[in-house]
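**Student:** This is the content of query12.txt (compact mmCIF, N, CA and C atoms and all ligand atoms):
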# COMPACT_ATOMS: atom_id res chain seq x y z
N MET A 1 40.62 172.14 10.16
CA MET A 1 40.94 170.71 10.04
C MET A 1 39.90 169.88 10.80
N ASN A 2 39.58 170.31 12.03
CA ASN A 2 38.57 169.59 12.81
C ASN A 2 37.22 169.55 12.09
N GLN A 3 36.91 170.66 11.40
CA GLN A 3 35.66 170.73 10.64
C GLN A 3 35.64 169.67 9.54
N HIS A 4 36.78 169.50 8.87
CA HIS A 4 36.86 168.49 7.81
C HIS A 4 36.71 167.09 8.40
N VAL A 5 37.29 166.86 9.57
CA VAL A 5 37.17 165.55 10.21
C VAL A 5 35.71 165.29 10.58
N ALA A 6 35.07 166.30 11.14
CA ALA A 6 33.66 166.15 11.54
C ALA A 6 32.76 165.91 10.33
N ASN A 7 33.06 166.61 9.23
CA ASN A 7 32.24 166.49 8.02
C ASN A 7 32.69 165.36 7.09
N LYS A 8 33.80 164.70 7.49
CA LYS A 8 34.38 163.64 6.65
C LYS A 8 34.67 164.16 5.23
N THR A 9 35.26 165.35 5.18
CA THR A 9 35.67 165.94 3.90
C THR A 9 37.17 166.15 3.90
N LEU A 10 37.67 166.46 2.75
CA LEU A 10 39.11 166.72 2.61
C LEU A 10 39.34 168.20 2.34
N PRO A 11 40.41 168.75 2.86
CA PRO A 11 40.73 170.15 2.53
C PRO A 11 41.18 170.23 1.08
N ASP A 12 41.12 171.45 0.52
CA ASP A 12 41.61 171.63 -0.85
C ASP A 12 43.09 171.31 -0.90
N LYS A 13 43.50 170.74 -2.01
CA LYS A 13 44.93 170.44 -2.18
C LYS A 13 45.71 171.73 -2.35
N VAL A 14 46.89 171.73 -1.79
CA VAL A 14 47.77 172.89 -1.94
C VAL A 14 48.37 172.92 -3.35
N ASN A 15 48.74 171.74 -3.85
CA ASN A 15 49.34 171.61 -5.18
C ASN A 15 50.50 172.57 -5.38
N ASP A 16 51.37 172.64 -4.42
CA ASP A 16 52.50 173.57 -4.48
C ASP A 16 53.79 172.77 -4.58
N PRO A 17 54.47 172.84 -5.74
CA PRO A 17 55.71 172.07 -5.88
C PRO A 17 56.79 172.49 -4.89
N GLY A 18 56.61 173.62 -4.25
CA GLY A 18 57.57 174.05 -3.23
C GLY A 18 57.28 173.42 -1.87
N ILE A 19 56.07 172.88 -1.69
CA ILE A 19 55.65 172.30 -0.41
C ILE A 19 55.43 170.79 -0.51
N CYS A 20 54.68 170.38 -1.52
CA CYS A 20 54.22 169.00 -1.61
C CYS A 20 55.32 167.92 -1.58
N PRO A 21 56.46 168.13 -2.27
CA PRO A 21 57.46 167.06 -2.23
C PRO A 21 57.94 166.72 -0.82
N ARG A 22 57.79 167.63 0.13
CA ARG A 22 58.21 167.36 1.52
C ARG A 22 57.04 166.90 2.39
N CYS A 23 55.86 166.84 1.82
CA CYS A 23 54.67 166.46 2.60
C CYS A 23 54.65 164.94 2.81
N PRO A 24 54.37 164.47 4.02
CA PRO A 24 54.35 163.02 4.26
C PRO A 24 53.21 162.29 3.55
N PHE A 25 52.25 163.03 3.03
CA PHE A 25 51.11 162.39 2.35
C PHE A 25 51.21 162.45 0.83
N VAL A 26 52.33 162.92 0.33
CA VAL A 26 52.46 163.11 -1.11
C VAL A 26 52.24 161.83 -1.90
N HIS A 27 52.63 160.68 -1.34
CA HIS A 27 52.49 159.41 -2.06
C HIS A 27 51.05 158.96 -2.21
N ILE A 28 50.15 159.42 -1.35
CA ILE A 28 48.74 159.04 -1.49
C ILE A 28 47.90 160.19 -2.05
N CYS A 29 48.40 161.40 -1.88
CA CYS A 29 47.65 162.58 -2.33
C CYS A 29 47.77 162.78 -3.84
N MET A 30 48.98 162.52 -4.36
CA MET A 30 49.26 162.74 -5.78
C MET A 30 48.87 164.16 -6.20
N PRO A 31 49.55 165.15 -5.72
CA PRO A 31 49.20 166.54 -6.04
C PRO A 31 49.27 166.81 -7.54
N ASP A 32 48.41 167.68 -7.99
CA ASP A 32 48.32 168.00 -9.41
C ASP A 32 48.97 169.35 -9.64
N TYR A 33 50.23 169.32 -10.02
CA TYR A 33 50.95 170.58 -10.22
C TYR A 33 50.41 171.37 -11.42
N ALA A 34 49.80 170.68 -12.37
CA ALA A 34 49.32 171.38 -13.56
C ALA A 34 48.29 172.44 -13.20
N THR A 35 47.50 172.17 -12.16
CA THR A 35 46.49 173.16 -11.78
C THR A 35 47.12 174.32 -11.02
N ALA A 36 48.40 174.19 -10.68
CA ALA A 36 49.09 175.27 -9.99
C ALA A 36 49.79 176.19 -11.00
N GLY A 37 49.49 176.03 -12.28
CA GLY A 37 50.08 176.88 -13.30
C GLY A 37 51.45 176.44 -13.77
N ILE A 38 51.82 175.20 -13.43
CA ILE A 38 53.12 174.69 -13.85
C ILE A 38 53.02 174.12 -15.26
N GLU A 39 53.90 174.57 -16.14
CA GLU A 39 53.96 174.03 -17.49
C GLU A 39 54.98 172.90 -17.53
N PHE A 40 54.70 171.86 -18.25
CA PHE A 40 55.66 170.78 -18.42
C PHE A 40 56.33 170.97 -19.77
N ILE A 41 57.62 171.33 -19.72
CA ILE A 41 58.38 171.71 -20.90
C ILE A 41 59.36 170.62 -21.29
N GLU A 42 59.50 170.37 -22.59
CA GLU A 42 60.55 169.49 -23.08
C GLU A 42 61.46 170.32 -23.96
N ASP A 43 62.58 170.72 -23.41
CA ASP A 43 63.56 171.53 -24.14
C ASP A 43 64.94 171.10 -23.63
N ARG A 44 65.59 170.21 -24.40
CA ARG A 44 66.86 169.63 -23.94
C ARG A 44 67.93 170.68 -23.70
N VAL A 45 67.99 171.68 -24.58
CA VAL A 45 69.03 172.72 -24.45
C VAL A 45 68.81 173.51 -23.17
N LEU A 46 67.59 173.92 -22.94
CA LEU A 46 67.27 174.66 -21.72
C LEU A 46 67.53 173.80 -20.48
N LEU A 47 67.15 172.52 -20.58
CA LEU A 47 67.36 171.60 -19.46
C LEU A 47 68.84 171.48 -19.11
N GLU A 48 69.70 171.35 -20.14
CA GLU A 48 71.14 171.23 -19.90
C GLU A 48 71.69 172.52 -19.28
N LYS A 49 71.18 173.66 -19.73
CA LYS A 49 71.63 174.94 -19.15
C LYS A 49 71.26 175.01 -17.67
N ILE A 50 70.06 174.59 -17.34
CA ILE A 50 69.61 174.62 -15.94
C ILE A 50 70.42 173.65 -15.10
N ARG A 51 70.69 172.44 -15.65
CA ARG A 51 71.50 171.47 -14.92
C ARG A 51 72.90 172.02 -14.65
N ARG A 52 73.51 172.62 -15.68
CA ARG A 52 74.86 173.17 -15.52
C ARG A 52 74.84 174.33 -14.53
N TYR A 53 73.81 175.16 -14.61
CA TYR A 53 73.66 176.30 -13.69
C TYR A 53 73.61 175.80 -12.25
N GLU A 54 72.86 174.74 -12.01
CA GLU A 54 72.74 174.20 -10.66
C GLU A 54 74.07 173.60 -10.19
N GLU A 55 74.79 172.93 -11.12
CA GLU A 55 76.11 172.38 -10.76
C GLU A 55 77.06 173.50 -10.36
N LEU A 56 77.09 174.55 -11.17
CA LEU A 56 78.01 175.65 -10.92
C LEU A 56 77.64 176.42 -9.66
N LYS A 57 76.37 176.46 -9.34
CA LYS A 57 75.93 177.17 -8.15
C LYS A 57 76.59 176.56 -6.91
N GLY A 58 76.64 175.22 -6.87
CA GLY A 58 77.31 174.55 -5.75
C GLY A 58 78.78 174.90 -5.71
N SER A 59 79.41 174.96 -6.90
CA SER A 59 80.82 175.32 -6.97
C SER A 59 81.04 176.75 -6.52
N MET A 60 80.09 177.62 -6.85
CA MET A 60 80.23 179.02 -6.50
C MET A 60 80.28 179.20 -4.98
N PHE A 61 79.43 178.45 -4.27
CA PHE A 61 79.43 178.56 -2.81
C PHE A 61 80.77 178.08 -2.25
N GLU A 62 81.29 176.97 -2.79
CA GLU A 62 82.58 176.45 -2.34
C GLU A 62 83.69 177.42 -2.69
N TYR A 63 83.63 177.97 -3.92
CA TYR A 63 84.64 178.94 -4.36
C TYR A 63 84.66 180.15 -3.43
N ASN A 64 83.50 180.68 -3.12
CA ASN A 64 83.44 181.86 -2.25
C ASN A 64 83.97 181.56 -0.85
N ALA A 65 83.67 180.37 -0.34
CA ALA A 65 84.14 180.00 1.00
C ALA A 65 85.67 179.88 1.00
N LEU A 66 86.23 179.22 -0.04
CA LEU A 66 87.68 179.08 -0.12
C LEU A 66 88.35 180.42 -0.35
N ASP A 67 87.73 181.25 -1.19
CA ASP A 67 88.29 182.58 -1.45
C ASP A 67 88.42 183.37 -0.15
N LYS A 68 87.40 183.29 0.67
CA LYS A 68 87.41 184.00 1.94
C LYS A 68 88.52 183.46 2.86
N MET A 69 88.65 182.13 2.91
CA MET A 69 89.69 181.53 3.76
C MET A 69 91.08 181.90 3.27
N LEU A 70 91.27 181.78 1.92
CA LEU A 70 92.60 182.06 1.36
C LEU A 70 92.95 183.53 1.45
N LYS A 71 91.96 184.39 1.45
CA LYS A 71 92.20 185.83 1.57
C LYS A 71 92.99 186.10 2.85
N ASP A 72 92.63 185.41 3.92
CA ASP A 72 93.34 185.60 5.19
C ASP A 72 94.68 184.87 5.18
N GLN A 73 94.68 183.63 4.71
CA GLN A 73 95.91 182.82 4.78
C GLN A 73 97.02 183.32 3.85
N LEU A 74 96.64 183.96 2.75
CA LEU A 74 97.65 184.39 1.78
C LEU A 74 97.97 185.87 1.87
N LYS A 75 97.39 186.53 2.85
CA LYS A 75 97.62 187.97 3.00
C LYS A 75 99.11 188.24 3.29
N GLU A 76 99.69 189.12 2.50
CA GLU A 76 101.09 189.54 2.62
C GLU A 76 102.08 188.39 2.43
N LYS A 77 101.66 187.36 1.72
CA LYS A 77 102.55 186.21 1.48
C LYS A 77 103.12 186.30 0.06
N GLN A 78 104.39 185.94 -0.06
CA GLN A 78 105.07 185.79 -1.35
C GLN A 78 105.71 184.41 -1.25
N MET A 79 105.16 183.43 -1.92
CA MET A 79 105.70 182.08 -1.73
C MET A 79 105.45 181.18 -2.93
N SER A 80 106.20 180.09 -2.93
CA SER A 80 106.02 179.05 -3.92
C SER A 80 105.51 177.83 -3.16
N ILE A 81 104.43 177.27 -3.59
CA ILE A 81 103.88 176.08 -2.92
C ILE A 81 103.35 175.15 -4.00
N GLY A 82 103.91 173.92 -4.02
CA GLY A 82 103.51 172.97 -5.06
C GLY A 82 103.74 173.57 -6.43
N GLU A 83 102.71 173.54 -7.26
CA GLU A 83 102.84 174.09 -8.61
C GLU A 83 102.36 175.54 -8.70
N PHE A 84 102.28 176.21 -7.53
CA PHE A 84 101.77 177.57 -7.54
C PHE A 84 102.78 178.58 -7.03
N LEU A 85 102.74 179.75 -7.61
CA LEU A 85 103.50 180.89 -7.13
C LEU A 85 102.48 181.89 -6.58
N ILE A 86 102.65 182.23 -5.33
CA ILE A 86 101.72 183.13 -4.67
C ILE A 86 102.39 184.48 -4.46
N THR A 87 101.81 185.50 -4.99
CA THR A 87 102.32 186.86 -4.79
C THR A 87 101.13 187.75 -4.48
N GLY A 88 101.38 189.01 -4.40
CA GLY A 88 100.29 189.95 -4.16
C GLY A 88 100.84 191.33 -3.89
N LYS A 89 99.95 192.26 -3.71
CA LYS A 89 100.38 193.63 -3.40
C LYS A 89 99.22 194.38 -2.74
N TRP A 90 99.59 195.39 -2.00
CA TRP A 90 98.58 196.23 -1.39
C TRP A 90 98.02 197.18 -2.45
N VAL A 91 96.73 197.30 -2.49
CA VAL A 91 96.06 198.19 -3.43
C VAL A 91 95.26 199.20 -2.62
N GLU A 92 95.46 200.46 -2.96
CA GLU A 92 94.71 201.51 -2.25
C GLU A 92 93.48 201.87 -3.04
N ARG A 93 92.39 201.94 -2.33
CA ARG A 93 91.11 202.32 -2.95
C ARG A 93 90.82 203.76 -2.51
N LYS A 94 90.66 204.63 -3.51
CA LYS A 94 90.44 206.04 -3.19
C LYS A 94 89.11 206.27 -2.51
N GLU A 95 89.06 207.34 -1.77
CA GLU A 95 87.83 207.71 -1.07
C GLU A 95 86.72 208.02 -2.08
N MET A 96 85.54 207.49 -1.82
CA MET A 96 84.37 207.75 -2.68
C MET A 96 83.33 208.45 -1.81
N PRO A 97 82.32 209.05 -2.44
CA PRO A 97 81.32 209.78 -1.64
C PRO A 97 80.73 208.96 -0.49
N ALA A 98 80.43 207.70 -0.73
CA ALA A 98 79.81 206.90 0.33
C ALA A 98 80.78 205.88 0.93
N GLN A 99 82.09 206.05 0.65
CA GLN A 99 83.04 205.04 1.11
C GLN A 99 84.38 205.69 1.44
N PRO A 100 84.89 205.44 2.64
CA PRO A 100 86.19 206.01 2.98
C PRO A 100 87.32 205.31 2.21
N ALA A 101 88.47 205.94 2.14
CA ALA A 101 89.62 205.33 1.48
C ALA A 101 90.01 204.07 2.25
N THR A 102 90.32 203.02 1.51
CA THR A 102 90.72 201.75 2.14
C THR A 102 91.89 201.17 1.37
N LYS A 103 92.50 200.19 1.93
CA LYS A 103 93.49 199.43 1.16
C LYS A 103 93.28 197.95 1.45
N TYR A 104 93.60 197.14 0.46
CA TYR A 104 93.42 195.69 0.61
C TYR A 104 94.56 194.96 -0.08
N TRP A 105 94.79 193.73 0.36
CA TRP A 105 95.83 192.89 -0.23
C TRP A 105 95.23 192.15 -1.42
N ALA A 106 95.77 192.41 -2.62
CA ALA A 106 95.30 191.72 -3.83
C ALA A 106 96.22 190.54 -4.08
N LYS A 107 95.73 189.34 -3.80
CA LYS A 107 96.57 188.15 -4.00
C LYS A 107 96.58 187.76 -5.47
N LYS A 108 97.70 187.13 -5.86
CA LYS A 108 97.81 186.63 -7.23
C LYS A 108 98.31 185.20 -7.15
N ILE A 109 97.56 184.28 -7.70
CA ILE A 109 97.93 182.86 -7.70
C ILE A 109 98.23 182.46 -9.13
N GLN A 110 99.46 182.04 -9.37
CA GLN A 110 99.84 181.61 -10.72
C GLN A 110 100.28 180.16 -10.67
N ARG A 111 99.77 179.37 -11.61
CA ARG A 111 100.25 177.99 -11.74
C ARG A 111 101.53 178.06 -12.57
N ILE A 112 102.59 177.44 -12.11
CA ILE A 112 103.87 177.49 -12.82
C ILE A 112 104.33 176.08 -13.15
N ASP A 113 105.12 175.98 -14.21
CA ASP A 113 105.68 174.67 -14.53
C ASP A 113 107.08 174.55 -13.93
N LYS A 114 107.79 173.46 -14.22
CA LYS A 114 109.09 173.20 -13.60
C LYS A 114 110.13 174.25 -13.96
N THR A 115 109.93 174.94 -15.11
CA THR A 115 110.92 175.95 -15.52
C THR A 115 110.62 177.31 -14.90
N GLY A 116 109.52 177.41 -14.19
CA GLY A 116 109.15 178.69 -13.59
C GLY A 116 108.28 179.54 -14.49
N ALA A 117 107.82 178.96 -15.60
CA ALA A 117 106.95 179.70 -16.51
C ALA A 117 105.51 179.60 -16.01
N ALA A 118 104.83 180.75 -16.01
CA ALA A 118 103.43 180.76 -15.60
C ALA A 118 102.61 180.02 -16.63
N VAL A 119 101.76 179.12 -16.17
CA VAL A 119 100.91 178.38 -17.10
C VAL A 119 99.43 178.60 -16.81
N SER A 120 99.14 179.53 -15.91
CA SER A 120 97.73 179.82 -15.61
C SER A 120 97.08 180.42 -16.84
N PRO A 121 95.84 180.06 -17.12
CA PRO A 121 95.15 180.64 -18.26
C PRO A 121 95.15 182.16 -18.16
N GLY A 122 95.45 182.80 -19.27
CA GLY A 122 95.44 184.25 -19.29
C GLY A 122 96.78 184.87 -18.90
N ASP A 123 97.66 184.06 -18.37
CA ASP A 123 98.96 184.58 -17.97
C ASP A 123 100.02 184.30 -19.04
N GLY A 124 99.63 183.69 -20.16
CA GLY A 124 100.58 183.41 -21.21
C GLY A 124 101.68 182.50 -20.72
N THR A 125 102.87 182.73 -21.17
CA THR A 125 104.01 181.93 -20.71
C THR A 125 105.04 182.85 -20.07
N GLU A 126 104.57 183.81 -19.36
CA GLU A 126 105.42 184.77 -18.68
C GLU A 126 106.41 184.05 -17.77
N LYS A 127 107.65 184.39 -17.87
CA LYS A 127 108.70 183.77 -17.06
C LYS A 127 108.70 184.45 -15.69
N VAL A 128 108.75 183.66 -14.68
CA VAL A 128 108.73 184.20 -13.32
C VAL A 128 110.11 184.05 -12.72
N SER A 129 110.67 185.12 -12.23
CA SER A 129 112.00 185.02 -11.61
C SER A 129 111.86 184.91 -10.10
N PHE A 130 112.69 184.07 -9.53
CA PHE A 130 112.64 183.85 -8.09
C PHE A 130 113.69 184.66 -7.38
S1 LIG A 201 50.99 166.61 -1.08
FE1 LIG A 201 48.77 166.83 -0.97
S2 LIG A 201 48.32 166.87 1.20
FE2 LIG A 201 50.49 167.29 0.99
S3 LIG A 201 50.65 169.53 0.88
FE3 LIG A 201 50.53 168.81 -1.22
S4 LIG A 201 48.37 168.90 -1.72
FE4 LIG A 201 48.51 169.03 0.52
Here is a file; write its structure as structure tokens.
**Tutor:**
Amino acid sequence: MNQHVANKTLPDKVNDPGICPRCPFVHICMPDYATAGIEFIEDRVLLEKIRRYEELKGSMFEYNALDKMLKDQLKEKQMSIGEFLITGKWVERKEMPAQPATKYWAKKIQRIDKTGAAVSPGDGTEKVSF
């Protein structure tokens, strides 16, 4: 850098879309991503898929965090709360070559209507008895 200052020259541009958007000089440098091998694509279908993928990715992180929290809070619980029926059972996992036998609580969350019928997708209209 000192050499460039002494010679009054500029260093080569990085032109890295992973770096440049955070660079404080991006507004005067105007990096050329095209020379970094970036193609500019116009494909609405692909664009919508990428947008949806990014939206769901955020949901996935939230889902995983809530799943972890609820795993503890709903362990060994059999209850009705709001429009949900919470049940579960212990499941034993057999010993495998690289894994000892374990058991875990498999929670089941069903959305129910006022009559006690399960309305969760995939659960049909199974009647739940209390
Ligand atoms: S914006 Fe310009 S100065 Fe900043 S890192 Fe990219 S190429 Fe280098």
**Student:** Residues of chain A that have any atom at most 7 Å from an atom of ligand LIG 201 (chain A): could you tabulate them with the shortest-distance atom pair and the distance in Å to one decimal, using only C-alpha atoms and all ligand atoms, ordered by chain and increasing number, as CSV?
**Tutor:**
residue,atom,partner,partner_atom,distance
A:Lys13,CA,A:LIG201,S4,3.8
A:Val14,CA,A:LIG201,S4,4.0
A:Asn15,CA,A:LIG201,S4,4.5
A:Asp16,CA,A:LIG201,FE3,6.1
A:Ile19,CA,A:LIG201,S3,5.9
A:Cys20,CA,A:LIG201,FE3,3.7
A:Pro21,CA,A:LIG201,S1,6.6
A:Cys23,CA,A:LIG201,FE2,4.6
A:Pro24,CA,A:LIG201,FE2,6.6
A:Phe25,CA,A:LIG201,FE2,5.1
A:Val26,CA,A:LIG201,S1,3.8
A:Cys29,CA,A:LIG201,FE1,4.6
A:Met30,CA,A:LIG201,S1,6.3
A:Pro31,CA,A:LIG201,S4,5.0
**Student:** Which neighbours of A:Arg111 fall inside 8 Å, counting all atoms listed in the file, when residues of the same chain fewer than 2 positions from it are skipped, and could you give them as a ChimeraX atom specification?
**Tutor:** /A:82-86,108-109,113-114,116-121
**Student:** Do a neighbour search on stretch 87-96 of chain A at 6.5 Å with only N, CA and C atoms, toss out local chain neighbours closer than 6 positions, and write the hits as an mmCIF file with N, CA and C atoms, in the coordinates of the input.
**Tutor:**
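New file around_36.cif:
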data_model
loop_
_atom_site.group_PDB
_atom_site.id
_atom_site.type_symbol
_atom_site.label_atom_id
_atom_site.label_comp_id
_atom_site.auth_asym_id
_atom_site.auth_seq_id
_atom_site.Cartn_x
_atom_site.Cartn_y
_atom_site.Cartn_z
ATOM 1 N N LYS A 77 101.660 187.360 1.720
ATOM 2 C CA LYS A 77 102.550 186.210 1.480
ATOM 3 C C LYS A 77 103.120 186.300 0.060
ATOM 4 N N GLN A 78 104.390 185.940 -0.060
ATOM 5 C CA GLN A 78 105.070 185.790 -1.350
ATOM 6 C C GLN A 78 105.710 184.410 -1.250
ATOM 7 N N MET A 79 105.160 183.430 -1.920
ATOM 8 C CA MET A 79 105.700 182.080 -1.730
ATOM 9 C C MET A 79 105.450 181.180 -2.930
ATOM 10 N N THR A 102 90.320 203.020 1.510
ATOM 11 C CA THR A 102 90.720 201.750 2.140
ATOM 12 C C THR A 102 91.890 201.170 1.370
ATOM 13 N N LYS A 103 92.500 200.190 1.930
ATOM 14 C CA LYS A 103 93.490 199.430 1.160
ATOM 15 C C LYS A 103 93.280 197.950 1.450
ATOM 16 N N TYR A 104 93.600 197.140 0.460
ATOM 17 C CA TYR A 104 93.420 195.690 0.610
ATOM 18 C C TYR A 104 94.560 194.960 -0.080
ATOM 19 N N TRP A 105 94.790 193.730 0.360
ATOM 20 C CA TRP A 105 95.830 192.890 -0.230
ATOM 21 C C TRP A 105 95.230 192.150 -1.420
ATOM 22 N N ALA A 106 95.770 192.410 -2.620
ATOM 23 C CA ALA A 106 95.300 191.720 -3.830
ATOM 24 C C ALA A 106 96.220 190.540 -4.080
ATOM 25 N N LYS A 107 95.730 189.340 -3.800
ATOM 26 C CA LYS A 107 96.570 188.150 -4.000
ATOM 27 C C LYS A 107 96.580 187.760 -5.470
ATOM 28 N N LYS A 108 97.700 187.130 -5.860
ATOM 29 C CA LYS A 108 97.810 186.630 -7.230
ATOM 30 C C LYS A 108 98.310 185.200 -7.150
ATOM 31 N N ILE A 109 97.560 184.280 -7.700
ATOM 32 C CA ILE A 109 97.930 182.860 -7.700
ATOM 33 C C ILE A 109 98.230 182.460 -9.130
ATOM 34 N N GLN A 110 99.460 182.040 -9.370
ATOM 35 C CA GLN A 110 99.840 181.610 -10.720
ATOM 36 C C GLN A 110 100.280 180.160 -10.670
#
**Student:** Atom N of A:Gly37 and atom N of A:Pro17 are how many Å apart?
**Tutor:**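 About the pair atom N of A:Gly37 and atom N of A:Pro17: they are 8.8 Å apart.
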**Student:** Just asking: which residues within chain A are alpha helix (DSSP H) according to DSSP, as a ChimeraX atom specification?
**Tutor:** /A:2-7,26-29,44-73
**Student:** Go ahead and save the picked residues with N, CA and C atoms, as a compact mmCIF listing (two decimals), in the frame of the given file.
**Tutor:**
# COMPACT_ATOMS: atom_id res chain seq x y z
N ASN A 2 39.58 170.31 12.03
CA ASN A 2 38.57 169.59 12.81
C ASN A 2 37.22 169.55 12.09
N GLN A 3 36.91 170.66 11.40
CA GLN A 3 35.66 170.73 10.64
C GLN A 3 35.64 169.67 9.54
N HIS A 4 36.78 169.50 8.87
CA HIS A 4 36.86 168.49 7.81
C HIS A 4 36.71 167.09 8.40
N VAL A 5 37.29 166.86 9.57
CA VAL A 5 37.17 165.55 10.21
C VAL A 5 35.71 165.29 10.58
N ALA A 6 35.07 166.30 11.14
CA ALA A 6 33.66 166.15 11.54
C ALA A 6 32.76 165.91 10.33
N ASN A 7 33.06 166.61 9.23
CA ASN A 7 32.24 166.49 8.02
C ASN A 7 32.69 165.36 7.09
N VAL A 26 52.33 162.92 0.33
CA VAL A 26 52.46 163.11 -1.11
C VAL A 26 52.24 161.83 -1.90
N HIS A 27 52.63 160.68 -1.34
CA HIS A 27 52.49 159.41 -2.06
C HIS A 27 51.05 158.96 -2.21
N ILE A 28 50.15 159.42 -1.35
CA ILE A 28 48.74 159.04 -1.49
C ILE A 28 47.90 160.19 -2.05
N CYS A 29 48.40 161.40 -1.88
CA CYS A 29 47.65 162.58 -2.33
C CYS A 29 47.77 162.78 -3.84
N ARG A 44 65.59 170.21 -24.40
CA ARG A 44 66.86 169.63 -23.94
C ARG A 44 67.93 170.68 -23.70
N VAL A 45 67.99 171.68 -24.58
CA VAL A 45 69.03 172.72 -24.45
C VAL A 45 68.81 173.51 -23.17
N LEU A 46 67.59 173.92 -22.94
CA LEU A 46 67.27 174.66 -21.72
C LEU A 46 67.53 173.80 -20.48
N LEU A 47 67.15 172.52 -20.58
CA LEU A 47 67.36 171.60 -19.46
C LEU A 47 68.84 171.48 -19.11
N GLU A 48 69.70 171.35 -20.14
CA GLU A 48 71.14 171.23 -19.90
C GLU A 48 71.69 172.52 -19.28
N LYS A 49 71.18 173.66 -19.73
CA LYS A 49 71.63 174.94 -19.15
C LYS A 49 71.26 175.01 -17.67
N ILE A 50 70.06 174.59 -17.34
CA ILE A 50 69.61 174.62 -15.94
C ILE A 50 70.42 173.65 -15.10
N ARG A 51 70.69 172.44 -15.65
CA ARG A 51 71.50 171.47 -14.92
C ARG A 51 72.90 172.02 -14.65
N ARG A 52 73.51 172.62 -15.68
CA ARG A 52 74.86 173.17 -15.52
C ARG A 52 74.84 174.33 -14.53
N TYR A 53 73.81 175.16 -14.61
CA TYR A 53 73.66 176.30 -13.69
C TYR A 53 73.61 175.80 -12.25
N GLU A 54 72.86 174.74 -12.01
CA GLU A 54 72.74 174.20 -10.66
C GLU A 54 74.07 173.60 -10.19
N GLU A 55 74.79 172.93 -11.12
CA GLU A 55 76.11 172.38 -10.76
C GLU A 55 77.06 173.50 -10.36
N LEU A 56 77.09 174.55 -11.17
CA LEU A 56 78.01 175.65 -10.92
C LEU A 56 77.64 176.42 -9.66
N LYS A 57 76.37 176.46 -9.34
CA LYS A 57 75.93 177.17 -8.15
C LYS A 57 76.59 176.56 -6.91
N GLY A 58 76.64 175.22 -6.87
CA GLY A 58 77.31 174.55 -5.75
C GLY A 58 78.78 174.90 -5.71
N SER A 59 79.41 174.96 -6.90
CA SER A 59 80.82 175.32 -6.97
C SER A 59 81.04 176.75 -6.52
N MET A 60 80.09 177.62 -6.85
CA MET A 60 80.23 179.02 -6.50
C MET A 60 80.28 179.20 -4.98
N PHE A 61 79.43 178.45 -4.27
CA PHE A 61 79.43 178.56 -2.81
C PHE A 61 80.77 178.08 -2.25
N GLU A 62 81.29 176.97 -2.79
CA GLU A 62 82.58 176.45 -2.34
C GLU A 62 83.69 177.42 -2.69
N TYR A 63 83.63 177.97 -3.92
CA TYR A 63 84.64 178.94 -4.36
C TYR A 63 84.66 180.15 -3.43
N ASN A 64 83.50 180.68 -3.12
CA ASN A 64 83.44 181.86 -2.25
C ASN A 64 83.97 181.56 -0.85
N ALA A 65 83.67 180.37 -0.34
CA ALA A 65 84.14 180.00 1.00
C ALA A 65 85.67 179.88 1.00
N LEU A 66 86.23 179.22 -0.04
CA LEU A 66 87.68 179.08 -0.12
C LEU A 66 88.35 180.42 -0.35
N ASP A 67 87.73 181.25 -1.19
CA ASP A 67 88.29 182.58 -1.45
C ASP A 67 88.42 183.37 -0.15
N LYS A 68 87.40 183.29 0.67
CA LYS A 68 87.41 184.00 1.94
C LYS A 68 88.52 183.46 2.86
N MET A 69 88.65 182.13 2.91
CA MET A 69 89.69 181.53 3.76
C MET A 69 91.08 181.90 3.27
N LEU A 70 91.27 181.78 1.92
CA LEU A 70 92.60 182.06 1.36
C LEU A 70 92.95 183.53 1.45
N LYS A 71 91.96 184.39 1.45
CA LYS A 71 92.20 185.83 1.57
C LYS A 71 92.99 186.10 2.85
N ASP A 72 92.63 185.41 3.92
CA ASP A 72 93.34 185.60 5.19
C ASP A 72 94.68 184.87 5.18
N GLN A 73 94.68 183.63 4.71
CA GLN A 73 95.91 182.82 4.78
C GLN A 73 97.02 183.32 3.85
**Student:** To test your reading of the structure, identify every residue in chain A that backbone DSSP assigns to strand (DSSP E), and report it as a PyMOL selection string.
**Tutor:** chain A and resi 79-81+84-93+102-111
**Student:** Padding 5 Å on every side, please: axis-aligned box over the listed atoms of stretch 100-113 of chain A, centre and edge lengths to one decimal in Å, as JSON.
**Tutor:**
{"center_x": 96.0, "center_y": 190.3, "center_z": -5.8, "size_x": 32.2, "size_y": 41.5, "size_z": 27.5}
**Student:** Please indicate the distance in Å from atom C of A:Ala101 to atom C of A:Lys68, rounded to one decimal place.
**Tutor:**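 So the answer is 20.7 Å.
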**Student:** At what distance in Å, to one decimal, does atom N of A:Leu70 lie from atom C of A:Gly58?
**Tutor:**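 It comes out at 16.2 Å.
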